[in-house]
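Have a look at the structure below before the remarks.
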Amino acid sequence: MAFAITVACISCAESKDIAASQLAFKGTPTFSSIYKDTIVFTSDDIKSFNGSTGELSFNDPKISTKIKNYFILQCYMGKDSLFSVNLTSDVMSYIVNDLVLNQDMKEGKTYLQDGYPSWINNSQAVMLRTKNKEKRVSAWTRFVTQLKKEGKYEE
């Protein structure tokens, strides 16, 4: 009995530390709403994030395939929701003026960008993207700070 209580306490402490220190991206699969808030990937799965290019690379290439099953992801730091990310790919024909996780099919790379497509230079779209980016400043700072702590942030 004492052993079971000790193991349970240690497990809870470890889970609490992990939840408090890691980033987690959760989503609802496109095929079912039963699995709401499914963890798609965590900061453990992130190999690196390049702050200049927005490229997000993963330790396991299967993560990129897994991401395709979602429309939107929510980024959490512990229990705090930081921001949401719309999922796009270079074959989509619509415009998103907020943060996206874009999968470049030609290069096989994934990018966090302020909108899709990235080449849009329409003044109204640029203004809206800037406004949305400003709303995320504090959450984005927490995201980048956590990646830096984990040694996964590059310039």
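Here's how to read the names in the structure tokens: chain A, B, ... by the order shown, residue numbers from 1 in each chain, ligand numbers from 1 in the order shown.
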Give me, as a short mmCIF file (atom, residue, chain, number, x, y, z; two decimals) with all heavy atoms, in the first residue's frame, the residues of chain A that a backbone DSSP run labels strand (DSSP E).
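Final output, saved to part_24.cif:
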data_model
loop_
_atom_site.label_atom_id
_atom_site.label_comp_id
_atom_site.auth_asym_id
_atom_site.auth_seq_id
_atom_site.Cartn_x
_atom_site.Cartn_y
_atom_site.Cartn_z
N LEU A 23 5.55 22.84 -23.88
CA LEU A 23 4.56 23.32 -24.81
C LEU A 23 3.84 22.11 -25.39
O LEU A 23 4.46 21.09 -25.66
CB LEU A 23 5.24 24.09 -25.94
CG LEU A 23 6.01 25.32 -25.52
CD1 LEU A 23 6.91 25.79 -26.66
CD2 LEU A 23 5.07 26.42 -25.11
N ALA A 24 2.55 22.24 -25.57
CA ALA A 24 1.77 21.17 -26.18
C ALA A 24 0.83 21.78 -27.20
O ALA A 24 0.19 22.81 -26.94
CB ALA A 24 0.99 20.40 -25.13
N PHE A 25 0.77 21.19 -28.36
CA PHE A 25 -0.17 21.61 -29.40
C PHE A 25 -1.28 20.58 -29.46
O PHE A 25 -1.03 19.41 -29.74
CB PHE A 25 0.55 21.74 -30.75
CG PHE A 25 1.42 22.95 -30.85
CD1 PHE A 25 2.68 22.97 -30.27
CD2 PHE A 25 0.97 24.08 -31.52
CE1 PHE A 25 3.48 24.10 -30.36
CE2 PHE A 25 1.77 25.21 -31.61
CZ PHE A 25 3.03 25.23 -31.03
N LYS A 26 -2.50 21.04 -29.18
CA LYS A 26 -3.67 20.15 -29.14
C LYS A 26 -4.63 20.53 -30.25
O LYS A 26 -4.74 21.69 -30.62
CB LYS A 26 -4.39 20.27 -27.80
CG LYS A 26 -3.55 19.86 -26.61
CD LYS A 26 -4.33 20.03 -25.33
CE LYS A 26 -3.50 19.68 -24.10
NZ LYS A 26 -4.29 19.82 -22.87
N GLY A 27 -5.36 19.55 -30.73
CA GLY A 27 -6.33 19.81 -31.78
C GLY A 27 -7.44 18.78 -31.77
O GLY A 27 -7.39 17.79 -31.05
N THR A 28 -8.43 19.04 -32.57
CA THR A 28 -9.51 18.09 -32.79
C THR A 28 -9.33 17.54 -34.20
O THR A 28 -9.29 18.32 -35.16
CB THR A 28 -10.88 18.77 -32.67
OG1 THR A 28 -10.99 19.35 -31.38
CG2 THR A 28 -12.01 17.78 -32.87
N PRO A 29 -9.22 16.23 -34.34
CA PRO A 29 -9.02 15.66 -35.67
C PRO A 29 -10.18 16.01 -36.61
O PRO A 29 -11.32 16.14 -36.17
CB PRO A 29 -8.98 14.14 -35.43
CG PRO A 29 -8.67 13.99 -33.98
CD PRO A 29 -9.24 15.20 -33.31
N THR A 38 -6.82 16.49 -28.51
CA THR A 38 -5.81 15.46 -28.69
C THR A 38 -4.45 16.14 -28.79
O THR A 38 -4.30 17.12 -29.53
CB THR A 38 -6.07 14.67 -29.99
OG1 THR A 38 -7.34 14.06 -29.91
CG2 THR A 38 -5.00 13.62 -30.22
N ILE A 39 -3.46 15.64 -28.06
CA ILE A 39 -2.12 16.21 -28.18
C ILE A 39 -1.52 15.74 -29.50
O ILE A 39 -1.34 14.55 -29.73
CB ILE A 39 -1.22 15.81 -26.99
CG1 ILE A 39 -1.76 16.44 -25.71
CG2 ILE A 39 0.23 16.26 -27.24
CD1 ILE A 39 -1.00 16.09 -24.46
N VAL A 40 -1.24 16.69 -30.36
CA VAL A 40 -0.69 16.40 -31.68
C VAL A 40 0.83 16.32 -31.59
O VAL A 40 1.44 15.42 -32.13
CB VAL A 40 -1.12 17.47 -32.70
CG1 VAL A 40 -0.56 17.16 -34.09
CG2 VAL A 40 -2.64 17.57 -32.75
N PHE A 41 1.44 17.29 -30.89
CA PHE A 41 2.87 17.24 -30.61
C PHE A 41 3.18 18.15 -29.43
O PHE A 41 2.39 19.01 -29.07
CB PHE A 41 3.73 17.59 -31.84
CG PHE A 41 3.57 18.99 -32.36
CD1 PHE A 41 4.38 20.02 -31.90
CD2 PHE A 41 2.63 19.28 -33.33
CE1 PHE A 41 4.26 21.32 -32.40
CE2 PHE A 41 2.50 20.57 -33.84
CZ PHE A 41 3.31 21.58 -33.37
N THR A 42 4.34 17.92 -28.82
CA THR A 42 4.79 18.73 -27.69
C THR A 42 6.17 19.29 -28.03
O THR A 42 6.74 18.97 -29.07
CB THR A 42 4.90 17.90 -26.39
OG1 THR A 42 5.96 16.96 -26.52
CG2 THR A 42 3.59 17.18 -26.06
N ILE A 46 9.67 18.78 -30.97
CA ILE A 46 10.27 19.85 -31.75
C ILE A 46 11.79 19.72 -31.72
O ILE A 46 12.39 19.65 -30.66
CB ILE A 46 9.85 21.23 -31.22
CG1 ILE A 46 8.33 21.42 -31.37
CG2 ILE A 46 10.61 22.34 -31.94
CD1 ILE A 46 7.79 22.67 -30.71
N LYS A 47 12.37 19.66 -32.90
CA LYS A 47 13.83 19.62 -33.01
C LYS A 47 14.37 21.04 -32.91
O LYS A 47 15.31 21.31 -32.17
CB LYS A 47 14.23 18.99 -34.34
CG LYS A 47 15.71 18.88 -34.57
CD LYS A 47 15.98 18.20 -35.90
CE LYS A 47 17.46 18.05 -36.15
NZ LYS A 47 17.71 17.40 -37.44
N SER A 48 13.75 21.97 -33.68
CA SER A 48 14.18 23.36 -33.64
C SER A 48 13.11 24.27 -34.23
O SER A 48 12.24 23.82 -34.99
CB SER A 48 15.49 23.56 -34.41
OG SER A 48 15.29 23.30 -35.78
N PHE A 49 13.19 25.53 -33.85
CA PHE A 49 12.36 26.58 -34.43
C PHE A 49 13.26 27.73 -34.81
O PHE A 49 13.99 28.25 -33.97
CB PHE A 49 11.27 27.05 -33.46
CG PHE A 49 10.48 28.22 -33.99
CD1 PHE A 49 9.62 28.04 -35.06
CD2 PHE A 49 10.61 29.48 -33.45
CE1 PHE A 49 8.90 29.12 -35.58
CE2 PHE A 49 9.90 30.55 -33.95
CZ PHE A 49 9.04 30.38 -35.03
N ASN A 50 13.22 28.12 -36.07
CA ASN A 50 14.03 29.23 -36.55
C ASN A 50 13.20 30.50 -36.51
O ASN A 50 12.22 30.64 -37.26
CB ASN A 50 14.52 28.95 -37.98
CG ASN A 50 15.48 29.99 -38.48
OD1 ASN A 50 15.22 31.18 -38.40
ND2 ASN A 50 16.60 29.53 -39.00
N LEU A 56 9.72 25.29 -38.47
CA LEU A 56 9.55 24.44 -37.30
C LEU A 56 9.89 23.03 -37.74
O LEU A 56 9.23 22.48 -38.63
CB LEU A 56 8.10 24.51 -36.80
CG LEU A 56 7.73 23.73 -35.56
CD1 LEU A 56 8.46 24.29 -34.34
CD2 LEU A 56 6.23 23.81 -35.33
N SER A 57 10.97 22.47 -37.20
CA SER A 57 11.36 21.12 -37.59
C SER A 57 11.15 20.16 -36.42
O SER A 57 11.24 20.55 -35.26
CB SER A 57 12.80 21.07 -38.10
OG SER A 57 13.69 21.52 -37.11
N PHE A 58 10.86 18.93 -36.77
CA PHE A 58 10.51 17.91 -35.78
C PHE A 58 11.56 16.81 -35.72
O PHE A 58 12.23 16.53 -36.71
CB PHE A 58 9.15 17.30 -36.11
CG PHE A 58 8.03 18.30 -36.12
CD1 PHE A 58 7.56 18.81 -37.31
CD2 PHE A 58 7.48 18.76 -34.94
CE1 PHE A 58 6.53 19.75 -37.33
CE2 PHE A 58 6.46 19.69 -34.94
CZ PHE A 58 5.98 20.18 -36.14
N TYR A 70 -5.59 17.64 -39.01
CA TYR A 70 -6.19 18.70 -38.20
C TYR A 70 -6.38 19.97 -39.02
O TYR A 70 -5.66 20.20 -39.98
CB TYR A 70 -5.30 19.01 -36.98
CG TYR A 70 -5.13 17.81 -36.08
CD1 TYR A 70 -4.15 16.86 -36.34
CD2 TYR A 70 -5.97 17.62 -35.00
CE1 TYR A 70 -4.01 15.74 -35.54
CE2 TYR A 70 -5.84 16.50 -34.19
CZ TYR A 70 -4.86 15.57 -34.47
OH TYR A 70 -4.74 14.46 -33.68
N PHE A 71 -7.36 20.80 -38.61
CA PHE A 71 -7.57 22.11 -39.23
C PHE A 71 -6.95 23.22 -38.42
O PHE A 71 -6.45 24.19 -38.94
CB PHE A 71 -9.06 22.42 -39.37
CG PHE A 71 -9.73 21.72 -40.50
CD1 PHE A 71 -10.83 20.90 -40.27
CD2 PHE A 71 -9.28 21.85 -41.79
CE1 PHE A 71 -11.46 20.26 -41.30
CE2 PHE A 71 -9.90 21.21 -42.84
CZ PHE A 71 -11.00 20.40 -42.59
N ILE A 72 -6.99 23.06 -37.10
CA ILE A 72 -6.52 24.11 -36.21
C ILE A 72 -5.92 23.45 -34.97
O ILE A 72 -6.37 22.40 -34.53
CB ILE A 72 -7.66 25.09 -35.83
CG1 ILE A 72 -7.13 26.34 -35.16
CG2 ILE A 72 -8.73 24.42 -35.00
CD1 ILE A 72 -8.14 27.47 -35.10
N LEU A 73 -4.87 24.06 -34.43
CA LEU A 73 -4.24 23.58 -33.21
C LEU A 73 -4.23 24.71 -32.19
O LEU A 73 -4.14 25.88 -32.55
CB LEU A 73 -2.80 23.14 -33.47
CG LEU A 73 -2.57 22.01 -34.45
CD1 LEU A 73 -1.08 21.77 -34.64
CD2 LEU A 73 -3.26 20.74 -34.00
N GLN A 74 -4.27 24.33 -30.94
CA GLN A 74 -4.17 25.29 -29.84
C GLN A 74 -2.86 25.01 -29.12
O GLN A 74 -2.58 23.87 -28.76
CB GLN A 74 -5.36 25.10 -28.89
CG GLN A 74 -5.52 26.17 -27.86
CD GLN A 74 -5.96 27.49 -28.46
OE1 GLN A 74 -6.70 27.55 -29.42
NE2 GLN A 74 -5.48 28.57 -27.89
N CYS A 75 -2.03 26.04 -28.93
CA CYS A 75 -0.76 25.89 -28.24
C CYS A 75 -0.96 26.17 -26.76
O CYS A 75 -1.49 27.21 -26.38
CB CYS A 75 0.28 26.85 -28.82
SG CYS A 75 1.87 26.76 -27.97
N TYR A 76 -0.52 25.24 -25.92
CA TYR A 76 -0.61 25.37 -24.47
C TYR A 76 0.78 25.35 -23.86
O TYR A 76 1.66 24.64 -24.33
CB TYR A 76 -1.40 24.20 -23.86
CG TYR A 76 -2.87 24.24 -24.16
CD1 TYR A 76 -3.39 23.64 -25.30
CD2 TYR A 76 -3.77 24.88 -23.29
CE1 TYR A 76 -4.74 23.67 -25.59
CE2 TYR A 76 -5.12 24.90 -23.56
CZ TYR A 76 -5.60 24.30 -24.71
OH TYR A 76 -6.94 24.34 -24.98
N MET A 77 0.92 26.09 -22.79
CA MET A 77 2.11 26.01 -21.96
C MET A 77 1.59 25.61 -20.60
O MET A 77 0.98 26.43 -19.90
CB MET A 77 2.85 27.34 -21.89
CG MET A 77 4.16 27.26 -21.17
SD MET A 77 5.03 28.81 -21.49
CE MET A 77 6.51 28.50 -20.59
N ASP A 80 -2.04 26.81 -19.55
CA ASP A 80 -2.33 28.11 -20.16
C ASP A 80 -2.39 27.98 -21.68
O ASP A 80 -1.44 27.52 -22.31
CB ASP A 80 -1.26 29.14 -19.81
CG ASP A 80 -1.24 29.49 -18.34
OD1 ASP A 80 -2.25 29.26 -17.65
OD2 ASP A 80 -0.20 30.00 -17.87
N SER A 81 -3.49 28.45 -22.26
CA SER A 81 -3.62 28.49 -23.71
C SER A 81 -2.89 29.74 -24.21
O SER A 81 -3.18 30.85 -23.77
CB SER A 81 -5.10 28.55 -24.10
OG SER A 81 -5.22 28.72 -25.47
N LEU A 82 -1.92 29.56 -25.09
CA LEU A 82 -1.14 30.68 -25.61
C LEU A 82 -1.75 31.27 -26.88
O LEU A 82 -1.96 32.47 -26.98
CB LEU A 82 0.30 30.27 -25.87
CG LEU A 82 1.12 29.82 -24.67
CD1 LEU A 82 2.54 29.47 -25.09
CD2 LEU A 82 1.13 30.88 -23.58
N PHE A 83 -1.97 30.44 -27.88
CA PHE A 83 -2.50 30.91 -29.16
C PHE A 83 -3.01 29.73 -29.96
O PHE A 83 -2.72 28.58 -29.66
CB PHE A 83 -1.45 31.69 -29.96
CG PHE A 83 -0.14 30.98 -30.14
CD1 PHE A 83 0.03 30.00 -31.11
CD2 PHE A 83 0.95 31.28 -29.33
CE1 PHE A 83 1.24 29.35 -31.28
CE2 PHE A 83 2.17 30.64 -29.49
CZ PHE A 83 2.31 29.67 -30.46
N SER A 84 -3.79 30.05 -30.99
CA SER A 84 -4.23 29.01 -31.91
C SER A 84 -3.52 29.18 -33.24
O SER A 84 -3.04 30.27 -33.58
CB SER A 84 -5.75 29.06 -32.10
OG SER A 84 -6.13 30.28 -32.65
N VAL A 85 -3.43 28.09 -33.97
CA VAL A 85 -2.71 28.05 -35.24
C VAL A 85 -3.61 27.38 -36.27
O VAL A 85 -4.07 26.26 -36.05
CB VAL A 85 -1.41 27.24 -35.09
CG1 VAL A 85 -0.68 27.14 -36.41
CG2 VAL A 85 -0.51 27.81 -34.04
N ASN A 86 -3.87 28.08 -37.36
CA ASN A 86 -4.59 27.48 -38.48
C ASN A 86 -3.61 26.65 -39.28
O ASN A 86 -2.48 27.07 -39.50
CB ASN A 86 -5.19 28.56 -39.38
CG ASN A 86 -6.27 29.34 -38.68
OD1 ASN A 86 -7.32 28.82 -38.40
ND2 ASN A 86 -5.98 30.60 -38.36
N LEU A 87 -4.04 25.48 -39.75
CA LEU A 87 -3.16 24.62 -40.53
C LEU A 87 -3.42 24.84 -42.01
O LEU A 87 -4.56 24.83 -42.46
CB LEU A 87 -3.39 23.16 -40.16
CG LEU A 87 -2.97 22.90 -38.71
CD1 LEU A 87 -3.73 21.78 -38.10
CD2 LEU A 87 -1.50 22.65 -38.66
N THR A 88 -2.35 25.08 -42.74
CA THR A 88 -2.44 25.32 -44.17
C THR A 88 -1.36 24.51 -44.89
O THR A 88 -0.43 24.01 -44.27
CB THR A 88 -2.26 26.82 -44.51
OG1 THR A 88 -0.98 27.25 -44.05
CG2 THR A 88 -3.34 27.66 -43.87
N SER A 89 -1.53 24.42 -46.20
CA SER A 89 -0.49 23.82 -47.03
C SER A 89 -0.45 24.61 -48.33
O SER A 89 -1.37 25.36 -48.64
CB SER A 89 -0.76 22.34 -47.30
OG SER A 89 -1.88 22.19 -48.15
N VAL A 100 -0.51 30.84 -38.89
CA VAL A 100 -0.71 29.54 -39.54
C VAL A 100 0.51 28.65 -39.32
O VAL A 100 1.62 29.12 -39.11
CB VAL A 100 -0.96 29.68 -41.06
CG1 VAL A 100 -2.22 30.46 -41.35
CG2 VAL A 100 0.23 30.27 -41.78
N LEU A 101 0.25 27.37 -39.37
CA LEU A 101 1.31 26.37 -39.43
C LEU A 101 1.21 25.81 -40.84
O LEU A 101 0.30 25.05 -41.16
CB LEU A 101 1.08 25.27 -38.37
CG LEU A 101 2.16 24.21 -38.26
CD1 LEU A 101 3.49 24.84 -37.84
CD2 LEU A 101 1.76 23.16 -37.24
N ASN A 102 2.09 26.28 -41.71
CA ASN A 102 2.01 25.95 -43.13
C ASN A 102 2.97 24.82 -43.47
O ASN A 102 4.14 24.88 -43.14
CB ASN A 102 2.31 27.18 -43.99
CG ASN A 102 2.08 26.90 -45.46
OD1 ASN A 102 0.99 26.50 -45.84
ND2 ASN A 102 3.09 27.10 -46.27
N GLN A 103 2.43 23.83 -44.17
CA GLN A 103 3.25 22.73 -44.63
C GLN A 103 3.58 22.94 -46.10
O GLN A 103 2.70 22.93 -46.95
CB GLN A 103 2.54 21.40 -44.41
CG GLN A 103 2.38 21.09 -42.93
CD GLN A 103 1.82 19.72 -42.69
OE1 GLN A 103 0.72 19.41 -43.10
NE2 GLN A 103 2.61 18.90 -42.03
N ASP A 104 4.85 23.15 -46.37
CA ASP A 104 5.33 23.33 -47.74
C ASP A 104 5.54 21.94 -48.33
O ASP A 104 6.48 21.23 -47.97
CB ASP A 104 6.64 24.13 -47.72
CG ASP A 104 7.13 24.47 -49.11
OD1 ASP A 104 7.04 23.61 -50.01
OD2 ASP A 104 7.62 25.60 -49.28
N LYS A 109 8.77 20.95 -45.58
CA LYS A 109 9.06 21.69 -44.35
C LYS A 109 7.79 22.32 -43.80
O LYS A 109 6.80 22.48 -44.52
CB LYS A 109 10.10 22.78 -44.63
CG LYS A 109 11.45 22.22 -45.04
CD LYS A 109 12.45 23.32 -45.29
CE LYS A 109 13.81 22.74 -45.68
NZ LYS A 109 14.80 23.79 -45.86
N THR A 110 7.85 22.68 -42.52
CA THR A 110 6.71 23.28 -41.83
C THR A 110 7.13 24.64 -41.29
O THR A 110 8.21 24.78 -40.73
CB THR A 110 6.26 22.37 -40.66
OG1 THR A 110 5.98 21.06 -41.20
CG2 THR A 110 5.03 22.90 -39.99
N TYR A 111 6.25 25.64 -41.47
CA TYR A 111 6.57 27.00 -41.06
C TYR A 111 5.44 27.61 -40.23
O TYR A 111 4.27 27.45 -40.58
CB TYR A 111 6.77 27.90 -42.29
CG TYR A 111 7.94 27.50 -43.15
CD1 TYR A 111 7.78 26.61 -44.21
CD2 TYR A 111 9.20 28.02 -42.92
CE1 TYR A 111 8.85 26.24 -45.01
CE2 TYR A 111 10.28 27.66 -43.71
CZ TYR A 111 10.10 26.78 -44.75
OH TYR A 111 11.17 26.41 -45.53
N LEU A 112 5.79 28.32 -39.17
CA LEU A 112 4.85 29.17 -38.45
C LEU A 112 4.95 30.54 -39.11
O LEU A 112 6.03 31.14 -39.16
CB LEU A 112 5.22 29.27 -36.97
CG LEU A 112 4.75 28.12 -36.10
CD1 LEU A 112 5.43 28.16 -34.73
CD2 LEU A 112 3.25 28.14 -35.94
N GLN A 113 3.82 31.02 -39.67
CA GLN A 113 3.81 32.29 -40.39
C GLN A 113 2.63 33.13 -39.92
O GLN A 113 1.64 32.60 -39.43
CB GLN A 113 3.69 32.03 -41.90
CG GLN A 113 4.83 31.21 -42.46
CD GLN A 113 4.59 30.78 -43.89
OE1 GLN A 113 3.48 30.44 -44.28
NE2 GLN A 113 5.65 30.78 -44.69
N TYR A 153 15.53 26.99 -29.96
CA TYR A 153 15.29 28.21 -30.72
C TYR A 153 16.55 28.63 -31.45
O TYR A 153 17.65 28.63 -30.89
CB TYR A 153 14.86 29.34 -29.78
CG TYR A 153 14.47 30.61 -30.50
CD1 TYR A 153 13.19 30.76 -31.03
CD2 TYR A 153 15.37 31.65 -30.67
CE1 TYR A 153 12.82 31.91 -31.71
CE2 TYR A 153 15.03 32.80 -31.34
CZ TYR A 153 13.75 32.93 -31.85
OH TYR A 153 13.40 34.07 -32.52
N GLU A 154 16.40 28.95 -32.74
CA GLU A 154 17.52 29.42 -33.56
C GLU A 154 17.14 30.74 -34.19
O GLU A 154 15.96 31.01 -34.42
CB GLU A 154 17.78 28.41 -34.70
CG GLU A 154 18.10 27.02 -34.25
CD GLU A 154 18.17 26.04 -35.42
OE1 GLU A 154 17.81 26.41 -36.56
OE2 GLU A 154 18.56 24.89 -35.19
#
query: What are the DSSP helix (DSSP H, G or I) residues of region 32-147 of chain A, as a VMD selection string?
result: chain A and resid 43 to 45 62 to 67 123 to 135 137 to 147
query: How many Å separate CA of Val144 (chain A) from CA of Glu55 (chain A)?
result: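 Separation between CA of Val144 (chain A) and CA of Glu55 (chain A): 13.0 Å.
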